[in-house]
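J.: To start, I am sharing the structure in question, which I have written as structure tokens.
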Amino acid sequence: MKDFEMKEEDRDEKNDPDDARHPDDVHPDDESHPMEELLRMDRIPHIWCPGCGIGTVVTSFVEALRKSEIDLDKTAVVSGIGCSGRVAGYIKLDSFHTTHGRAVPFATGLKLANPELKVVVFSGDGDIAGIGGNHLIHAARRNMDLMIICVNNFNYAMTGGQVAATTPTGANASTAPYGNFEYPFSLPYLAEASGATYVARWTALHLRRVTKSIQEAFGKRGFSFIEVITPCVTLYARRNRLGDGLNLLKYYYEKSEIQHGADTRTLDISYQGKLTVGKFVDKEKPTFLDCMNEHLARVLGDKYRFYGVSHD
Amino acid sequence: MKKVKADPKGVLTGAHYFDGDYALAEGALAAGCRFFAGYPITPSTETAERFSERIPYVGGVFIQMEDELGSIAALIGASWGGKKVMTVTSGPGFSLMMENIGLACMMETPLVIANVQRGGPSTGLPTLTGQQDMMQVKWGSHGDYEIIALSPDSPQECFDLTIEAFNLSEIYRVPAFVMTDECVGHMHEKVVIPPAEEIELVERKWYKGPKDKYLPYKPDNDMIPFMVKAGDGYRFHTTGLTHDERGYPVINAECQDVCVRHLVDKIKMNADKIIRIEENQTDTAEIVVISYGITSRVTTRAVHKAKKAGIKIGTIRLITIWPFPEKRIKELAKTIKAFIVPEINYGQVVLEVERCAKGQAPVIHVPHCGGWVHDPVDIFNAIKEASK
């Protein structure tokens, strides 16, 4: 693999003055972790493999939490099951590690019970789009005010590298030992078709772009879906002989082409092929609670008891 | 335990002519339930319909989810969001909820589920009655845990026991179940809803101490940990994994012992406070009929007939099914000739009666596969046979 170079547009952002992790800001004698205020340091070290991309996405998330002007006491993280499902356990916010596939409906209940919360679902492709796929499309359909960060590593990693709804056709997996012959989901297409009002895709090495997308999603109300392609070094990369985690991280990054506003019908991912990344959808639409309040107030008049936080 | 009066907004005080399904919804609203997530399923759907009709005037949320997996997950999330929450379902939907009932137990989440039972297995008899989920409610999710289950025998009791289920659920931080059936669910009777100030509710055991000292799973003196809700600034963690007092996962046998023992013991050790049964003439009885729900009403006629025939008969109506009233059954087994257990299944609660009787008194089951209630004659014949 050729020497790795950051693309011009990403390099510009490297000098972001807001970036708290800039080396100049860190005193050499300071042994504290730069993210300790937002991580459960009593649970570190984490369980992820060396070379895994999930930690990188967590870093982007923590950056976004810091940079966004949101009340962190009113921000909750919900995860399902799987490698990415462990994220909730490391983030020092109200955090819920739920069951496989049910993070989205759990988050739906949490948000509706306490509408002043910002609720983020942070989980993997198997959890959100495989076993939980039905909840994903319905939460998007309702424009539930949730942010979904979906780490896509193309396989079921926690259980040992089984084929997933996102495994590219032709890739090898432990339950597709002769290669995957199924068609994978294109998650941004699925999210947009279902009604999401913000849809983006990045690779884990697009650190600042992931951060920026999360910030943008924090600034919006409605259903946001951010897919982040990450290497699974121990399983997907090893089975498919794709090199170590860092190589694959760079490979995904270099194979990616930023096309903001791209038609989500064109975003299929082929095995080790081109990755179209960017922000594809960013629009406004009343949320579930907006619709509920507006509709019932119109139909029932003064007898209706408004529910939740007023956004007038 | 902090007791409070019901919020009048949710209480439809007065005498009504309701079916059991409607009474479940009114009981929930009176108990302060302000979040309902459900999925349509016969014969329980009318509860969801009633709640969706009423909640806009009370203030709260009704959401029809994409399936029962979503309903129960949303309930747990909403309970941690600070609301009292409920769903209603029947056999197939109940089966779908099982995994997350385990999560609710593990996270010690107060919530109420009503099951308007129909005949099973599988799609079975959607429109006809059954009492076939009585074991599933206790054992249906994997692993060891305890829940609380109540069984109403009338629309009035659907109202009353739903309120009680909410109170027990809040006191013990555990899912509580109202196990009714199609007959009671669709039976229309007089339901009297008292004034709000006469309805006593239990407030959730909120933690009010310093933020950095909060431990979501540290049992208090009464064994029940304090609770907080998301958004209050405690930045707590909770998980379905075996966890310590901080709510952090600990994957070993020692922590499993503490964690699971707690989930079981908090109900077992408080069983005497939870259990309610209705006894009639058991002091003088040779034969005791144990029944619950609609079957207890059918039993009344058989018992009447037995009395006329000169048989010394008593009855126990189980209002609480789980935890099972084992102490009383054990005591009675020493003094009586036989227990008769009619139920609309092929042998569920009867197994508990047998376990508690420990061979000291014969236990005779009067089964019915579902679809209709017993013919009282069948129950009478069992009584007569046992009395010989």
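Letters A, B, ... go to the chains of the structure tokens in the order shown; residues in each chain start at 1; ligands are counted from 1 in the same order.
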With a distance threshold of 7 Å and counting only C-alpha atoms, extract the residues of chain A near chain B and express them as an MDAnalysis selection string.

T.: chainID A and resid 73:75 89 92:99 102 105:110 112:114 117 135 138 303:307

J.: Using 10 Å as the limit and counting only C-alpha atoms, can you tabulate each residue of stretch 266-352 of chain B that touches stretch 357-368 of chain B, with its shortest atom-to-atom distance in Å and the two atoms involved, as a Markdown table?

T.:
```
| residue | atom | partner | partner_atom | distance |
| --- | --- | --- | --- | --- |
| B:Ile287 | CA | B:Ala361 | CA | 9.8 |
| B:Val288 | CA | B:Val363 | CA | 9.7 |
| B:Val289 | CA | B:Ile364 | CA | 9.4 |
| B:Ile290 | CA | B:His365 | CA | 9.9 |
| B:Glu326 | CA | B:Ala357 | CA | 8.6 |
| B:Lys327 | CA | B:Ala357 | CA | 9.7 |
| B:Arg328 | CA | B:Ala357 | CA | 9.7 |
| B:Ile329 | CA | B:Ala357 | CA | 6.3 |
| B:Lys330 | CA | B:Ala357 | CA | 5.3 |
| B:Glu331 | CA | B:Ala357 | CA | 8.4 |
| B:Leu332 | CA | B:Ala357 | CA | 8.1 |
| B:Ala333 | CA | B:Ala361 | CA | 5.1 |
| B:Lys334 | CA | B:Gln360 | CA | 6.0 |
| B:Thr335 | CA | B:Ala361 | CA | 8.3 |
| B:Ile336 | CA | B:Ala361 | CA | 6.7 |
| B:Lys337 | CA | B:Ala361 | CA | 6.0 |
| B:Ala338 | CA | B:Pro362 | CA | 4.9 |
| B:Phe339 | CA | B:Val363 | CA | 4.7 |
| B:Ile340 | CA | B:Ile364 | CA | 4.8 |
| B:Val341 | CA | B:His365 | CA | 4.8 |
| B:Pro342 | CA | B:Val366 | CA | 4.3 |
| B:Glu343 | CA | B:Pro367 | CA | 5.8 |
| B:Ile344 | CA | B:His368 | CA | 4.6 |
| B:Asn345 | CA | B:His368 | CA | 5.3 |
| B:Tyr346 | CA | B:Pro367 | CA | 5.2 |
| B:Gly347 | CA | B:Pro367 | CA | 6.5 |
| B:Gln348 | CA | B:Pro367 | CA | 9.4 |
| B:Val349 | CA | B:His365 | CA | 9.5 |
| B:Val350 | CA | B:His365 | CA | 6.4 |
| B:Leu351 | CA | B:Val363 | CA | 8.9 |
| B:Glu352 | CA | B:Ala357 | CA | 8.5 |
```

J.: For A:Glu36, list every protein, DNA or RNA residue within 10 Å, evaluated using only C-alpha atoms, and leave out those in the same chain fewer than 4 positions away; present the list as a PDB file with C-alpha atoms, in the first residue's frame.

T.:
```pdb
ATOM      1  CA  SER A  32      -4.906  12.866  32.512  1.00  0.00           C
ATOM      2  CA  ARG A  40     -16.068   6.419  32.330  1.00  0.00           C
ATOM      3  CA  MET A  41     -12.377   6.176  33.120  1.00  0.00           C
ATOM      4  CA  ASP A  42     -13.100   3.516  35.760  1.00  0.00           C
ATOM      5  CA  VAL A  62     -16.849  13.072  22.381  1.00  0.00           C
ATOM      6  CA  ILE A  91     -19.629   7.398  27.741  1.00  0.00           C
ATOM      7  CA  LYS A  92     -20.119   9.391  30.949  1.00  0.00           C
TER       8      LYS A  92
END
```

J.: Which neighbours of B:Thr162 fall inside 12 Å, counting only C-alpha atoms, when residues of the same chain fewer than 3 positions from it are skipped, and could you give them as JSON, numbers by chain?

T.: {"B": [20, 21, 22, 23, 24, 25, 26, 27, 28, 29, 30, 31, 32, 33, 47, 85, 86, 87, 88, 111, 112, 113, 114, 115, 148, 149, 150, 151, 152, 154, 155, 156, 157, 158, 159, 165, 166, 167, 168, 169, 176, 177, 178, 179, 180, 201, 319]}

J.: Export, as a short mmCIF file (atom, residue, chain, number, x, y, z; two decimals), in the first residue's frame, the selected residues with N, CA and C atoms.

T.:
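Once written, result.cif looks like this:
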```
data_model
loop_
_atom_site.label_atom_id
_atom_site.label_comp_id
_atom_site.auth_asym_id
_atom_site.auth_seq_id
_atom_site.Cartn_x
_atom_site.Cartn_y
_atom_site.Cartn_z
N GLY B 20 -63.69 -5.32 30.56
CA GLY B 20 -62.43 -5.43 31.30
C GLY B 20 -61.30 -4.69 30.62
N ASP B 21 -61.25 -4.73 29.28
CA ASP B 21 -60.18 -4.06 28.55
C ASP B 21 -60.19 -2.55 28.81
N TYR B 22 -61.39 -1.95 28.76
CA TYR B 22 -61.49 -0.52 29.06
C TYR B 22 -61.07 -0.23 30.49
N ALA B 23 -61.49 -1.13 31.40
CA ALA B 23 -61.16 -0.92 32.81
C ALA B 23 -59.65 -0.95 33.05
N LEU B 24 -58.94 -1.77 32.25
CA LEU B 24 -57.47 -1.79 32.36
C LEU B 24 -56.90 -0.41 32.02
N ALA B 25 -57.42 0.18 30.93
CA ALA B 25 -56.93 1.50 30.51
C ALA B 25 -57.27 2.57 31.56
N GLU B 26 -58.49 2.49 32.11
CA GLU B 26 -58.88 3.49 33.12
C GLU B 26 -58.06 3.31 34.40
N GLY B 27 -57.77 2.06 34.74
CA GLY B 27 -56.93 1.80 35.91
C GLY B 27 -55.54 2.40 35.72
N ALA B 28 -55.00 2.24 34.51
CA ALA B 28 -53.68 2.80 34.22
C ALA B 28 -53.69 4.32 34.35
N LEU B 29 -54.70 4.95 33.75
CA LEU B 29 -54.78 6.42 33.80
C LEU B 29 -54.95 6.91 35.24
N ALA B 30 -55.75 6.20 36.01
CA ALA B 30 -55.94 6.58 37.41
C ALA B 30 -54.66 6.41 38.21
N ALA B 31 -53.86 5.39 37.83
CA ALA B 31 -52.61 5.13 38.54
C ALA B 31 -51.50 6.10 38.14
N GLY B 32 -51.79 6.98 37.17
CA GLY B 32 -50.79 7.98 36.77
C GLY B 32 -49.96 7.55 35.57
N CYS B 33 -50.39 6.49 34.89
CA CYS B 33 -49.68 6.07 33.68
C CYS B 33 -49.85 7.13 32.61
N THR B 47 -58.03 -2.00 24.99
CA THR B 47 -57.32 -1.23 26.02
C THR B 47 -56.49 -0.12 25.36
N VAL B 85 -45.56 3.59 33.03
CA VAL B 85 -45.76 3.08 31.68
C VAL B 85 -46.52 1.76 31.67
N MET B 86 -47.22 1.53 30.58
CA MET B 86 -47.98 0.28 30.47
C MET B 86 -48.13 -0.14 29.02
N THR B 87 -48.26 -1.45 28.82
CA THR B 87 -48.69 -1.98 27.53
C THR B 87 -49.67 -3.11 27.80
N VAL B 88 -50.38 -3.49 26.76
CA VAL B 88 -51.30 -4.61 26.88
C VAL B 88 -51.11 -5.50 25.66
N LEU B 111 -42.67 -1.25 35.45
CA LEU B 111 -43.58 -1.15 34.31
C LEU B 111 -44.70 -2.16 34.50
N VAL B 112 -45.81 -1.93 33.80
CA VAL B 112 -46.96 -2.82 33.93
C VAL B 112 -47.35 -3.37 32.55
N ILE B 113 -47.56 -4.68 32.50
CA ILE B 113 -48.02 -5.34 31.28
C ILE B 113 -49.31 -6.09 31.60
N ALA B 114 -50.34 -5.82 30.82
CA ALA B 114 -51.57 -6.61 30.97
C ALA B 114 -51.61 -7.62 29.83
N ASN B 115 -51.95 -8.85 30.16
CA ASN B 115 -52.09 -9.90 29.17
C ASN B 115 -53.54 -10.39 29.20
N ILE B 148 -44.08 -9.95 39.52
CA ILE B 148 -45.34 -9.98 40.26
C ILE B 148 -46.47 -10.11 39.24
N ALA B 149 -47.39 -11.05 39.48
CA ALA B 149 -48.53 -11.21 38.56
C ALA B 149 -49.84 -11.29 39.34
N LEU B 150 -50.83 -10.54 38.89
CA LEU B 150 -52.14 -10.50 39.53
C LEU B 150 -53.19 -11.01 38.54
N SER B 151 -54.30 -11.49 39.07
CA SER B 151 -55.33 -12.06 38.20
C SER B 151 -56.72 -11.53 38.56
N PRO B 152 -57.26 -10.60 37.78
CA PRO B 152 -58.60 -10.05 38.08
C PRO B 152 -59.71 -11.00 37.59
N SER B 154 -62.96 -9.72 37.26
CA SER B 154 -64.08 -8.89 36.80
C SER B 154 -63.52 -7.58 36.23
N PRO B 155 -64.34 -6.87 35.45
CA PRO B 155 -63.89 -5.54 34.99
C PRO B 155 -63.53 -4.62 36.16
N GLN B 156 -64.30 -4.68 37.25
CA GLN B 156 -63.97 -3.84 38.41
C GLN B 156 -62.55 -4.15 38.90
N GLU B 157 -62.25 -5.46 38.95
CA GLU B 157 -60.91 -5.83 39.42
C GLU B 157 -59.84 -5.50 38.40
N CYS B 158 -60.19 -5.48 37.10
CA CYS B 158 -59.23 -5.03 36.09
C CYS B 158 -58.79 -3.61 36.44
N PHE B 159 -59.75 -2.78 36.83
CA PHE B 159 -59.43 -1.41 37.24
C PHE B 159 -58.59 -1.42 38.52
N ALA B 165 -51.07 -3.12 40.54
CA ALA B 165 -49.88 -3.54 39.78
C ALA B 165 -48.90 -2.38 39.65
N PHE B 166 -49.41 -1.17 39.37
CA PHE B 166 -48.52 0.00 39.28
C PHE B 166 -47.84 0.24 40.62
N ASN B 167 -48.59 0.15 41.71
CA ASN B 167 -48.00 0.40 43.03
C ASN B 167 -46.92 -0.62 43.36
N LEU B 168 -47.22 -1.90 43.12
CA LEU B 168 -46.24 -2.95 43.42
C LEU B 168 -45.00 -2.81 42.54
N SER B 169 -45.25 -2.47 41.28
CA SER B 169 -44.15 -2.30 40.34
C SER B 169 -43.20 -1.18 40.78
N ALA B 176 -44.72 -5.68 36.67
CA ALA B 176 -45.90 -6.29 37.29
C ALA B 176 -46.91 -6.57 36.18
N PHE B 177 -47.59 -7.69 36.29
CA PHE B 177 -48.46 -8.18 35.22
C PHE B 177 -49.90 -8.28 35.70
N VAL B 178 -50.82 -7.87 34.85
CA VAL B 178 -52.23 -8.11 35.11
C VAL B 178 -52.65 -9.21 34.13
N MET B 179 -52.80 -10.42 34.68
CA MET B 179 -53.06 -11.59 33.83
C MET B 179 -54.56 -11.86 33.78
N THR B 180 -55.21 -11.17 32.84
CA THR B 180 -56.64 -11.42 32.69
C THR B 180 -56.85 -12.32 31.47
N LEU B 201 -51.66 6.03 45.72
CA LEU B 201 -50.59 5.58 44.82
C LEU B 201 -49.25 5.63 45.54
N ILE B 319 -55.61 -13.95 43.93
CA ILE B 319 -55.55 -12.61 43.32
C ILE B 319 -54.12 -12.37 42.87
#
```

J.: Write down as a ChimeraX atom specification the residues of stretch 65-100 of chain A whose backbone DSSP state falls under strand (DSSP E or B).

T.: /A:75-79,91,94-97

J.: For those residues, write C-alpha atoms to a file as a short mmCIF file (atom, residue, chain, number, x, y, z; two decimals), in the first residue's frame.

T.:
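Saved to again_21.cif:
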```
data_model
loop_
_atom_site.label_atom_id
_atom_site.label_comp_id
_atom_site.auth_asym_id
_atom_site.auth_seq_id
_atom_site.Cartn_x
_atom_site.Cartn_y
_atom_site.Cartn_z
CA THR A 75 -28.06 14.03 26.69
CA ALA A 76 -28.46 10.25 26.77
CA VAL A 77 -26.78 7.44 24.87
CA VAL A 78 -28.54 4.17 24.08
CA SER A 79 -26.75 1.15 22.63
CA ILE A 91 -19.63 7.40 27.74
CA ASP A 94 -26.96 8.86 31.13
CA SER A 95 -26.27 5.69 29.20
CA PHE A 96 -28.22 2.52 28.49
CA HIS A 97 -26.87 -0.79 27.26
#
```

J.: Could you pull out the helix (DSSP H, G or I) residues of stretch 144-290 of chain A from DSSP and send them as a VMD selection string?

T.: chain A and resid 187 to 194 207 to 218 233 to 239 245 to 254 264 to 266 288 to 290

J.: Kindly save the residues from that selection, with C-alpha atoms included, as a PDB file, in the first residue's frame.

T.:
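Written output follows (out_5.pdb):
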```pdb
ATOM      1  CA  LEU A 187     -27.930   2.163   4.816  1.00  0.00           C
ATOM      2  CA  PRO A 188     -28.179   5.824   3.676  1.00  0.00           C
ATOM      3  CA  TYR A 189     -30.672   4.780   0.986  1.00  0.00           C
ATOM      4  CA  LEU A 190     -32.692   2.824   3.552  1.00  0.00           C
ATOM      5  CA  ALA A 191     -32.631   5.737   6.020  1.00  0.00           C
ATOM      6  CA  GLU A 192     -33.685   8.342   3.469  1.00  0.00           C
ATOM      7  CA  ALA A 193     -36.397   6.164   1.955  1.00  0.00           C
ATOM      8  CA  SER A 194     -37.785   5.611   5.453  1.00  0.00           C
ATOM      9  CA  LEU A 207     -12.565  12.136  12.143  1.00  0.00           C
ATOM     10  CA  ARG A 208     -13.441  15.782  11.828  1.00  0.00           C
ATOM     11  CA  ARG A 209     -16.146  15.186   9.281  1.00  0.00           C
ATOM     12  CA  VAL A 210     -17.782  12.638  11.557  1.00  0.00           C
ATOM     13  CA  THR A 211     -17.514  15.149  14.402  1.00  0.00           C
ATOM     14  CA  LYS A 212     -19.038  17.838  12.231  1.00  0.00           C
ATOM     15  CA  SER A 213     -21.916  15.606  11.140  1.00  0.00           C
ATOM     16  CA  ILE A 214     -22.673  14.742  14.760  1.00  0.00           C
ATOM     17  CA  GLN A 215     -22.567  18.451  15.645  1.00  0.00           C
ATOM     18  CA  GLU A 216     -24.934  19.212  12.791  1.00  0.00           C
ATOM     19  CA  ALA A 217     -27.261  16.453  13.923  1.00  0.00           C
ATOM     20  CA  PHE A 218     -27.190  17.845  17.483  1.00  0.00           C
ATOM     21  CA  VAL A 233      -9.317  -5.966  12.068  1.00  0.00           C
ATOM     22  CA  THR A 234      -9.687  -9.205  13.986  1.00  0.00           C
ATOM     23  CA  LEU A 235     -12.434 -10.763  11.880  1.00  0.00           C
ATOM     24  CA  TYR A 236     -13.526  -9.126   8.640  1.00  0.00           C
ATOM     25  CA  ALA A 237     -10.036  -7.931   7.692  1.00  0.00           C
ATOM     26  CA  ARG A 238      -8.298 -11.146   8.743  1.00  0.00           C
ATOM     27  CA  ARG A 239     -10.730 -13.482   6.989  1.00  0.00           C
ATOM     28  CA  GLY A 245      -6.554  -2.192  10.999  1.00  0.00           C
ATOM     29  CA  LEU A 246      -4.544   0.852  10.123  1.00  0.00           C
ATOM     30  CA  ASN A 247      -4.093  -0.308   6.521  1.00  0.00           C
ATOM     31  CA  LEU A 248      -7.798  -0.899   6.161  1.00  0.00           C
ATOM     32  CA  LEU A 249      -8.653   2.383   7.808  1.00  0.00           C
ATOM     33  CA  LYS A 250      -6.484   4.124   5.226  1.00  0.00           C
ATOM     34  CA  TYR A 251      -7.844   1.958   2.421  1.00  0.00           C
ATOM     35  CA  TYR A 252     -11.450   2.929   3.203  1.00  0.00           C
ATOM     36  CA  TYR A 253     -10.429   6.532   3.480  1.00  0.00           C
ATOM     37  CA  GLU A 254      -8.598   6.552   0.175  1.00  0.00           C
ATOM     38  CA  THR A 264     -28.822   7.839  -2.039  1.00  0.00           C
ATOM     39  CA  ARG A 265     -29.859   5.317  -4.706  1.00  0.00           C
ATOM     40  CA  THR A 266     -26.252   5.390  -5.935  1.00  0.00           C
ATOM     41  CA  PHE A 288     -43.346  12.833  15.878  1.00  0.00           C
ATOM     42  CA  LEU A 289     -44.125  15.049  18.867  1.00  0.00           C
ATOM     43  CA  ASP A 290     -44.580  18.146  16.675  1.00  0.00           C
TER      44      ASP A 290
END
```

J.: Considering only C-alpha atoms, return as a PyMOL selection string whatever protein or nucleic-acid residues lie within 10 Å of B:Asn252, sequence-local ones (same chain, fewer than 5 positions apart) excluded.

T.: chain B and resi 242-243+257

J.: Tell me which protein, DNA and RNA residues are within 10 Å of A:Ala165, counting only C-alpha atoms, leaving out same-chain ones fewer than 6 positions away, and put them as a PyMOL selection string.

T.: chain A and resi 125-126+129-131+133+154-156+182-187

J.: Skip A:Gly222 itself and residues of its chain fewer than 4 positions away, then list as a VMD selection string all residues within 12 Å of it, counting only C-alpha atoms.

T.: chain A and resid 108 111 118 to 120 139 to 148 195 to 199 216 to 218 282 to 291

J.: Rounded to one decimal place, report the atom CA of A:Arg86-atom CA of A:Gln272 distance in Å.

T.: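 Computing the Euclidean distance for atom CA of A:Arg86 and atom CA of A:Gln272 yields 26.8 Å.
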
J.: My list of candidates is B:Gln64, B:Lys384, B:Ser141, B:Phe226. Which is closest to B:Ser52 when distances are computed with only C-alpha atoms?

T.: B:Gln64
